[in-house]
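Student: Attaching a single structure in C-alpha cells format; questions to follow.
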Amino acid sequence: MGVLPDGILRRVFRRQFLVQACWNYEGMQNVGFAYCALPALRVLYAGRPDDLVKAVKRHLEFFNTHPALAGVVLGAALRLEERAAGGTADPRAIGTFKVGLMGSLGAIGDSFFWGALKPMAAAAGVILSFVHPLLGVAALLGLYNAVHIAVRRRAFAAGVQGEEGALRYLKEAGFAARTENGKMAAAVLGGACAGAVGVGAAVPASPGWELLAFLFLAAATVHLYTVLFRKAVSPSEVLMLLFVVGVLLLWH
Amino acid sequence: MAWRFALAAALGGLCYLDRTAAFQFMLHRPLVVATLVGAVFGDLAAGAQAGSVLELLYIGRLPVGASVPPDDTGAAVFAGAAAAASATRVGLDAGSFVAIVLLAVPCAELGRAADRAVRRINGRIAHLAVESVEEGDVRAVEQGLLAGVVLFGLTGVLLSLLFSGLGVAFSRAVLPSIGPGGRSHIAIMLPLVSLLGAASVFSCSRTERTAPAFYLTMALVFGVTFLSRWAG
C-alpha cells in the first residue's frame, strides 16, 4: 500500500512498547513517539538529512495518549509522513492530526484499559489467588494481556491503513460497549471479593439474623468507602487514618 | 541472604520498568510483584496474600494525564518481603498482616516522590534530545530514550532494594517487639482494610448498572461461603 517495507513497520510496531520510556512533564511521550517513528522516517527521508531533521522535530512536539492506543496515531502519522515526503500532503497536517486524535484516544484508553479491563483482571486474579497464588498471577496477566496485545496489534494495523482506517477502527472496535461490559464483569468479581472478605469477619456459629447483620455491616462499610471516594478521599488517605488508629490501639 | 536482595532488586527493577517506561504488561501490579518477592524471601503464599490486598486497594489510582499515582509496585515489594520474612520466622498472623499492609502506604508515597523526580530529570533529557536534533543529530532521540529507560530501571532497582530491606527489617525487628497482645488489637482492622480494597474495585467500575450486580454477588458469595464453612 505504501512505500514503507513490512520490516520497518514491524520495527515501528515493536518500538511502540517503549513510547513512555522518556515520559516527562513538558513533552510527555514526545521522545518516545519520535523514537517509534524514527526507523520509518529514516527510510522516507533517505538522502535528505535536512528534511529528516524537520520530520523528527515534528514528532518531538508535545504528545500524550493512552500507551496501548498510541499505535493508531503512530501508524496513521507514518502514512501522512509518506505523503508529506512525496510532496502530496502538507507536513503541518501531521501535527494537527496527532493533536486531534490523542485526547480522545487517551479518554477511550483510560476508560477501557484502566477503568474496566484492569479492575476486571485484577479482581479475577485476586479471587483465583485464593486457590493458588500462581493461578491468580497467571489469570491477571493472561486476561489483561490477551486483550492488550490484540488491541495494540489491531490499532497499529488500522493506523497503517491511513487516517480513514484509524477512524474506522475506532468506530468499529466498540470500545464504549466493551468498557460497559468490562465494568460489569469487574463489579461482579469485585462483589465476589467483598463477599469472601466479609465472611471472614462473620463469627456467628450458625446462619440466622446475626449473619444477616454481618452481611449488612460489610455492605454498609463498602458503601461508606465509596461515598468517601466520591468526596475525593483516596484509599491511601483511608489507610493512613487506619494506620493512626492502629498506632493509637497499640498506645492504649 | 544477600542473593535474595540482589534477586529482589533485579525482579523489582524489571517490574518497575513495566510500570511506566516499557511494555505495560501488568508485571508491575502488586499481586504479581508481591508474589514474586514473597517467593524470593521464602514464602510465595504470604507474598501473594499481601499482594492481593494491595492489588485491590490501589486499583483505582490511575496514571491519567500528568498525575502520578502512588507507587503500588514499591508498596508490594515492601509488603511481599515483610510478609514472607515474617511467615518463615514466626508465622503471619492477622495483626502482623494488617501492620504490614498499613506500613506499605508510606512506601507507596515515597516511591511516588521518586517517580516524580525521575520524570523531571527526563524533562532535561528530552530538552537535550530536542537541542541535539536541531543541530542535526537525530540519533539523540534514541540516546535520550535509552537514558530514560536506564533512569527508570535504575530507580526501580534502588527502590526495590530499599523496600525489600525495609520489609525484612520490619518483620524481624519491629513486629516481634509489638507482641501478641498488640498484634491482636491491630487485627480487628483486617476486615476494614480488606473491604476497602473491594470498595476500591467497585468505585472504579461503578455505573448505574453495576451497583446491583456488585451487591448481589457480594451477598451471594457471602452466603454460599458461610454455609459451606458451616456445613463443613
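Naming scheme: A, B, ... for chains in displayed order of the C-alpha cells; residues 1 onward per chain; ligands 1 onward as shown.
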Kindly provide the residues of chain B that approach chain A to within 6 Å, each paired with its closest atom pair and their distance in Å to one decimal, based on only C-alpha atoms, listed by chain and increasing number, as a Markdown table.
Tutor:
| residue | atom | partner | partner_atom | distance |
| --- | --- | --- | --- | --- |
| B:Ala21 | CA | A:Ala21 | CA | 3.8 |
| B:Ala22 | CA | A:Leu18 | CA | 4.8 |
| B:Phe23 | CA | A:Phe17 | CA | 4.7 |
| B:Val32 | CA | A:Val137 | CA | 5.6 |
| B:Ala48 | CA | A:Pro133 | CA | 5.7 |
| B:Ser52 | CA | A:Val126 | CA | 5.3 |
| B:Leu102 | CA | A:Phe243 | CA | 5.7 |
| B:Arg119 | CA | A:Asn24 | CA | 4.8 |
| B:Asn122 | CA | A:Asn24 | CA | 5.2 |
| B:Gly123 | CA | A:Asn24 | CA | 4.8 |
| B:Val141 | CA | A:Tyr35 | CA | 5.9 |
| B:Glu142 | CA | A:Tyr35 | CA | 5.9 |
| B:Leu145 | CA | A:Cys22 | CA | 5.4 |
| B:Gly148 | CA | A:Cys22 | CA | 4.5 |
| B:Val149 | CA | A:Ala21 | CA | 5.4 |
| B:Gly182 | CA | A:Leu250 | CA | 5.6 |
| B:Ile186 | CA | A:Gly246 | CA | 5.6 |
| B:Ala198 | CA | A:Ala194 | CA | 5.1 |
| B:Ala199 | CA | A:Val222 | CA | 5.1 |
| B:Val201 | CA | A:Gly190 | CA | 5.7 |
| B:Phe202 | CA | A:Ala187 | CA | 5.6 |
| B:Ser203 | CA | A:Thr226 | CA | 5.9 |
| B:Cys204 | CA | A:Gly115 | CA | 5.9 |
| B:Ser205 | CA | A:Lys183 | CA | 4.7 |
| B:Thr210 | CA | A:Met184 | CA | 5.4 |
| B:Ala213 | CA | A:Val188 | CA | 5.7 |
| B:Phe214 | CA | A:Gly191 | CA | 4.4 |
| B:Thr217 | CA | A:Gly191 | CA | 5.1 |
| B:Met218 | CA | A:Gly195 | CA | 4.2 |
| B:Val221 | CA | A:Gly195 | CA | 5.0 |
| B:Phe222 | CA | A:Gly195 | CA | 4.2 |
Student: Among the residues of range 21-142 of chain B, find those DSSP assigns to helix (DSSP H, G or I) from the backbone and print them as a PyMOL selection string.
Tutor: chain B and resi 30-40+44-57+72-89+94-134+139-142
Student: Once you have the residues from the selection above, write them out as a compact mmCIF listing (two decimals), in the first residue's frame, restricted to C-alpha atoms.
Tutor:
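Wrote result-v8.txt, looks like this:
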# COMPACT_ATOMS: atom_id res chain seq x y z
CA PRO B 30 1.04 -5.62 43.42
CA LEU B 31 -0.33 -9.17 43.10
CA VAL B 32 2.47 -10.11 40.68
CA VAL B 33 5.26 -8.20 42.44
CA ALA B 34 4.42 -9.28 45.99
CA THR B 35 4.07 -12.94 44.89
CA LEU B 36 7.48 -12.85 43.18
CA VAL B 37 9.17 -11.05 46.09
CA GLY B 38 7.43 -13.39 48.54
CA ALA B 39 8.88 -16.36 46.64
CA VAL B 40 12.35 -14.79 46.74
CA LEU B 44 5.19 -17.30 47.93
CA ALA B 45 1.74 -17.65 49.52
CA ALA B 46 2.37 -14.98 52.17
CA GLY B 47 3.60 -12.58 49.47
CA ALA B 48 0.52 -13.29 47.34
CA GLN B 49 -1.75 -12.70 50.34
CA ALA B 50 -0.27 -9.23 50.90
CA GLY B 51 -0.24 -8.56 47.16
CA SER B 52 -3.90 -9.41 46.69
CA VAL B 53 -4.98 -6.85 49.31
CA LEU B 54 -2.70 -4.15 47.86
CA GLU B 55 -3.88 -5.04 44.34
CA LEU B 56 -7.44 -4.14 45.21
CA LEU B 57 -6.52 -1.13 47.36
CA ASP B 72 1.95 0.40 44.40
CA THR B 73 4.89 -1.59 43.00
CA GLY B 74 7.12 -0.34 45.82
CA ALA B 75 4.38 -0.99 48.36
CA ALA B 76 4.17 -4.57 47.04
CA VAL B 77 7.95 -5.07 47.27
CA PHE B 78 7.85 -3.96 50.92
CA ALA B 79 4.74 -6.00 51.78
CA GLY B 80 5.88 -9.12 49.89
CA ALA B 81 9.29 -9.13 51.59
CA ALA B 82 7.86 -8.35 55.04
CA ALA B 83 5.05 -10.94 54.78
CA ALA B 84 7.37 -13.70 53.57
CA ALA B 85 10.10 -12.93 56.11
CA SER B 86 7.51 -12.84 58.87
CA ALA B 87 5.83 -16.07 57.74
CA THR B 88 9.09 -18.00 57.56
CA ARG B 89 10.16 -16.99 61.09
CA ALA B 94 -3.73 -11.19 61.18
CA GLY B 95 -2.23 -8.37 63.25
CA SER B 96 1.17 -8.60 61.54
CA PHE B 97 -0.58 -8.74 58.17
CA VAL B 98 -2.55 -5.53 58.85
CA ALA B 99 0.55 -3.76 60.16
CA ILE B 100 2.48 -4.72 57.01
CA VAL B 101 -0.30 -3.51 54.68
CA LEU B 102 -0.65 -0.21 56.56
CA LEU B 103 3.11 0.41 56.55
CA ALA B 104 3.21 -0.23 52.81
CA VAL B 105 1.28 3.04 52.33
CA PRO B 106 4.20 5.38 53.25
CA CYS B 107 6.41 3.26 50.96
CA ALA B 108 4.00 3.93 48.09
CA GLU B 109 4.19 7.67 48.77
CA LEU B 110 7.99 7.60 48.92
CA GLY B 111 8.07 5.72 45.61
CA ARG B 112 5.74 8.28 44.08
CA ALA B 113 8.12 11.10 45.06
CA ALA B 114 10.99 9.21 43.37
CA ASP B 115 8.84 8.65 40.27
CA ARG B 116 8.13 12.38 40.01
CA ALA B 117 11.84 13.17 40.35
CA VAL B 118 12.66 10.72 37.52
CA ARG B 119 10.09 12.37 35.27
CA ARG B 120 11.57 15.81 35.99
CA ILE B 121 15.05 14.52 35.05
CA ASN B 122 13.51 13.03 31.90
CA GLY B 123 12.36 16.57 31.05
CA ARG B 124 16.01 17.64 30.92
CA ILE B 125 16.91 14.59 28.82
CA ALA B 126 14.09 15.40 26.40
CA HIS B 127 15.25 19.01 26.21
CA LEU B 128 18.80 17.92 25.37
CA ALA B 129 17.45 15.49 22.74
CA VAL B 130 15.48 18.29 21.05
CA GLU B 131 18.55 20.57 21.04
CA SER B 132 20.71 17.84 19.51
CA VAL B 133 18.12 17.12 16.80
CA GLU B 134 18.01 20.84 15.97
CA ARG B 139 20.40 9.71 16.95
CA ALA B 140 19.91 11.87 20.05
CA VAL B 141 16.30 10.63 20.11
CA GLU B 142 17.45 7.03 20.54
Student: Could you please determine the separation between CA of Gly65 in chain B and CA of Met102 in chain A in Å, to one decimal place?
Tutor: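 Between these atoms lies a distance of 11.3 Å.
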